[in-house]
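Student: Sharing a structure here in C-alpha cells format.
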Amino acid sequence: MKKALFTAAALLLPAAAMAHTGHETSGFSAGIAHPFTGLDHLLAMLAVGLWSARQTGAARWATPVAFLLMMAVGSFAGVSSLDIPFAELAIMASVVVFGALVAFNLKLKMKNSALAGAAVAGIFAFFHGFAHGAEMPLMSTLFTYGAGFMLATAVLLAAGYALAAFGHNKAADLSRRAAGAAIALTGVAMGVA
C-alpha cells in the first residue's frame, strides 16, 4: 500500500511543478524553443548550414554569419510597428530555395561567392528574424528572447553544417541531396497549405 502511495505521489510531482503556468512562454527559453518548434524555421536553418558547408572559401563561414546578423536586424524590425505582409511567404520561399540549393548541390563559383552567399542568406534571414520579433511573447524582452532564438539558430546552423561534413562519398552526397529535396518539397507543401 505504501509503495502505491509513493508511486502516486511521484506521478503527481510533475503536475505540481507545472502549477505556475506561463514560464515556458516567455524569455530566453521561449526564444530557444521558437526555432525548434516552427518547422519552417527549423528546416531553413538546417538547410543553410548544409548549403554553407558545401561552399568553398569564405562563403563557408560568411553565409551562416550573414544569416545570424540579418536575423538580428530583422528581429528589431519585427518588434517595431513595421508591417511586412509577405514575410511568411518569404520564409516559405527560403525553405524551398535553401532546400533546392542543397538538393542540386549548387556551389557558388564566382569571384565574390562569399558576398553572394551572404546576400542570399541575409535577405531570407531578415524575414525569419522579423517573424521571431513579431511573434515574441508579451512578457519577453527582445534581449532575453532574442538571445534565446539567436543561440538556437546558431545551433541549428552548426547542426546542418556538421551533417554536411559526414562522409565524402557518393552515398553521403546522395543523402544530403535527398535531404535538401525533402526540405524543398516540405517548403512547397507548407506554402500551399
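Letters A, B, ... mark the chains of the C-alpha cells in the order given; residue numbers begin at 1 per chain; ligand numbers begin at 1, in order shown.
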Can you check which parts of range 81-158 of chain A lie within 10 Å of range 52-73 of chain A? Per residue, the shortest pair of atoms and distance in Å to one decimal, counting only C-alpha atoms, sorted by chain and number, as a tab-separated table.
Tutor:
residue	atom	partner	partner_atom	distance
A:Phe98	CA	A:Ser52	CA	9.9
A:Leu101	CA	A:Ser52	CA	9.8
A:Val102	CA	A:Arg54	CA	8.4
A:Asn105	CA	A:Arg54	CA	7.7
A:Leu106	CA	A:Arg54	CA	8.5
A:Lys107	CA	A:Gln55	CA	5.6
A:Leu108	CA	A:Gln55	CA	6.6
A:Lys109	CA	A:Thr56	CA	8.2
A:Asn112	CA	A:Ala59	CA	8.7
A:Ser113	CA	A:Ala59	CA	5.9
A:Ala114	CA	A:Ala59	CA	3.8
A:Leu115	CA	A:Ala59	CA	7.3
A:Ala116	CA	A:Ala59	CA	8.1
A:Gly117	CA	A:Thr63	CA	5.1
A:Ala118	CA	A:Thr63	CA	4.3
A:Ala119	CA	A:Ala66	CA	7.5
A:Val120	CA	A:Thr63	CA	8.0
A:Ala121	CA	A:Phe67	CA	5.1
A:Gly122	CA	A:Phe67	CA	4.9
A:Ile123	CA	A:Met70	CA	7.3
A:Phe124	CA	A:Phe67	CA	7.8
A:Ala125	CA	A:Met71	CA	4.7
A:Phe126	CA	A:Met71	CA	4.8
A:Phe127	CA	A:Met71	CA	7.3
A:His128	CA	A:Met71	CA	6.1
A:Gly129	CA	A:Met71	CA	4.1
A:Phe130	CA	A:Met71	CA	7.3
A:Ala131	CA	A:Met71	CA	9.4
A:His132	CA	A:Met71	CA	8.6
A:Gly133	CA	A:Ala72	CA	8.9
A:Leu142	CA	A:Ala72	CA	9.9
A:Gly146	CA	A:Ala72	CA	7.7
A:Ala147	CA	A:Ala72	CA	9.4
A:Phe149	CA	A:Ala72	CA	9.4
A:Met150	CA	A:Leu68	CA	7.0
A:Leu151	CA	A:Leu68	CA	9.4
A:Thr153	CA	A:Leu68	CA	7.3
A:Ala154	CA	A:Leu68	CA	7.2
A:Leu157	CA	A:Pro64	CA	6.7
A:Ala158	CA	A:Pro64	CA	8.6
Student: Suppose we keep N, CA and C atoms; can you now write the selection as a compact mmCIF listing (two decimals), in the first residue's frame?
Tutor:
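The resulting selection.txt:
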# COMPACT_ATOMS: atom_id res chain seq x y z
N PHE A 98 16.60 27.23 -50.08
CA PHE A 98 17.75 26.60 -49.44
C PHE A 98 17.71 25.08 -49.59
N LEU A 101 18.91 24.47 -53.09
CA LEU A 101 20.36 24.67 -53.20
C LEU A 101 21.12 23.44 -52.72
N VAL A 102 20.61 22.82 -51.66
CA VAL A 102 21.24 21.59 -51.15
C VAL A 102 20.95 20.43 -52.10
N ASN A 105 22.95 20.62 -55.12
CA ASN A 105 24.37 20.76 -54.77
C ASN A 105 24.99 21.97 -55.47
N LEU A 106 24.25 23.08 -55.45
CA LEU A 106 24.71 24.29 -56.12
C LEU A 106 25.78 24.98 -55.29
N LYS A 107 26.90 25.20 -55.92
CA LYS A 107 28.02 25.86 -55.26
C LYS A 107 28.27 27.19 -55.95
N LEU A 108 28.58 28.18 -55.16
CA LEU A 108 28.89 29.50 -55.71
C LEU A 108 30.31 29.48 -56.23
N LYS A 109 30.45 29.64 -57.52
CA LYS A 109 31.79 29.58 -58.13
C LYS A 109 32.06 30.89 -58.86
N ASN A 112 33.03 36.74 -56.23
CA ASN A 112 32.52 37.22 -54.93
C ASN A 112 31.52 36.23 -54.35
N SER A 113 31.89 34.95 -54.31
CA SER A 113 30.96 33.94 -53.83
C SER A 113 30.58 34.15 -52.37
N ALA A 114 31.49 34.65 -51.55
CA ALA A 114 31.18 34.90 -50.15
C ALA A 114 30.11 35.97 -50.04
N LEU A 115 30.24 37.02 -50.84
CA LEU A 115 29.26 38.10 -50.83
C LEU A 115 27.90 37.61 -51.34
N ALA A 116 27.93 36.82 -52.39
CA ALA A 116 26.67 36.30 -52.95
C ALA A 116 25.97 35.39 -51.95
N GLY A 117 26.71 34.48 -51.32
CA GLY A 117 26.12 33.59 -50.32
C GLY A 117 25.57 34.36 -49.14
N ALA A 118 26.33 35.37 -48.71
CA ALA A 118 25.88 36.20 -47.59
C ALA A 118 24.62 36.98 -47.96
N ALA A 119 24.55 37.46 -49.18
CA ALA A 119 23.38 38.22 -49.61
C ALA A 119 22.13 37.34 -49.66
N VAL A 120 22.26 36.17 -50.25
CA VAL A 120 21.11 35.25 -50.32
C VAL A 120 20.64 34.89 -48.91
N ALA A 121 21.58 34.48 -48.07
CA ALA A 121 21.23 34.10 -46.70
C ALA A 121 20.68 35.29 -45.92
N GLY A 122 21.30 36.45 -46.09
CA GLY A 122 20.89 37.64 -45.34
C GLY A 122 19.49 38.11 -45.68
N ILE A 123 19.14 38.08 -46.95
CA ILE A 123 17.80 38.53 -47.36
C ILE A 123 16.74 37.66 -46.71
N PHE A 124 16.90 36.35 -46.83
CA PHE A 124 15.90 35.46 -46.22
C PHE A 124 15.95 35.50 -44.70
N ALA A 125 17.13 35.66 -44.13
CA ALA A 125 17.26 35.71 -42.67
C ALA A 125 16.52 36.90 -42.08
N PHE A 126 16.49 38.02 -42.81
CA PHE A 126 15.76 39.19 -42.34
C PHE A 126 14.31 38.83 -42.04
N PHE A 127 13.69 38.07 -42.92
CA PHE A 127 12.28 37.70 -42.74
C PHE A 127 12.10 36.71 -41.60
N HIS A 128 13.06 35.80 -41.42
CA HIS A 128 13.00 34.90 -40.27
C HIS A 128 13.11 35.70 -38.97
N GLY A 129 14.03 36.65 -38.93
CA GLY A 129 14.18 37.49 -37.75
C GLY A 129 12.94 38.33 -37.51
N PHE A 130 12.36 38.86 -38.59
CA PHE A 130 11.14 39.65 -38.48
C PHE A 130 10.04 38.83 -37.82
N ALA A 131 9.88 37.59 -38.26
CA ALA A 131 8.86 36.72 -37.67
C ALA A 131 9.15 36.43 -36.21
N HIS A 132 10.41 36.17 -35.88
CA HIS A 132 10.77 35.93 -34.48
C HIS A 132 10.43 37.15 -33.63
N GLY A 133 10.77 38.33 -34.10
CA GLY A 133 10.48 39.55 -33.35
C GLY A 133 8.99 39.81 -33.22
N LEU A 142 13.23 41.73 -26.02
CA LEU A 142 13.99 41.31 -27.19
C LEU A 142 15.37 40.83 -26.78
N GLY A 146 15.48 37.30 -27.74
CA GLY A 146 16.39 37.36 -28.89
C GLY A 146 17.65 36.55 -28.66
N ALA A 147 18.20 36.63 -27.46
CA ALA A 147 19.39 35.83 -27.15
C ALA A 147 19.08 34.35 -27.30
N PHE A 149 16.65 32.90 -29.26
CA PHE A 149 16.49 32.42 -30.64
C PHE A 149 17.75 32.58 -31.46
N MET A 150 18.63 33.50 -31.09
CA MET A 150 19.91 33.59 -31.81
C MET A 150 20.79 32.37 -31.46
N LEU A 151 20.79 31.98 -30.20
CA LEU A 151 21.56 30.80 -29.81
C LEU A 151 21.01 29.54 -30.49
N THR A 153 19.34 29.38 -33.26
CA THR A 153 19.66 29.47 -34.68
C THR A 153 21.10 29.06 -34.94
N ALA A 154 22.02 29.53 -34.11
CA ALA A 154 23.42 29.16 -34.27
C ALA A 154 23.59 27.65 -34.13
N LEU A 157 22.19 26.05 -37.37
CA LEU A 157 23.13 26.26 -38.48
C LEU A 157 24.33 25.33 -38.34
N ALA A 158 24.85 25.23 -37.12
CA ALA A 158 26.00 24.35 -36.87
C ALA A 158 25.64 22.89 -37.08
Student: Using backbone DSSP assignments, extract all alpha helix (DSSP H) residues from chain A; output them as a PyMOL selection string.
Tutor: chain A and resi 2-17+27-37+39-53+59-79+87-103+113-134+142-165+170-192
Student: Looking at only C-alpha atoms, which of A:Ala30, A:Ala184, A:Leu82, A:Leu50 is the one that sits closest to Val95 in chain A?
Tutor: A:Ala184
Student: My list of candidates is A:Gly74, A:Gly49, A:Gly180, A:Gly160. Which is closest to Ala100 in chain A when distances are computed with only C-alpha atoms?
Tutor: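 Checking each candidate against Ala100 in chain A, we get A:Gly180 as the closest.
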Student: Please compute the CA of Phe36 in chain A-CA of Val155 in chain A distance, one decimal, in Å.
Tutor: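 CA of Phe36 in chain A sits 10.2 Å away from CA of Val155 in chain A.
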Student: So what do you get for CA of Tyr145 in chain A versus CA of Asp40 in chain A, distance-wise?
Tutor: 18.7 Å
Student: Which is closer to Arg176 in chain A than all the others in A:Ala162, A:Ala103, A:Met136, A:Ala193, using only C-alpha atoms?
Tutor: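 Distance minimum relative to Arg176 in chain A lands on A:Ala103.
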Student: Report, in Å to a single decimal, how far apart CA of Phe143 in chain A and CA of Gly31 in chain A are.
Tutor: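 Value for the CA of Gly31 in chain A-CA of Phe143 in chain A distance: 9.9 Å.
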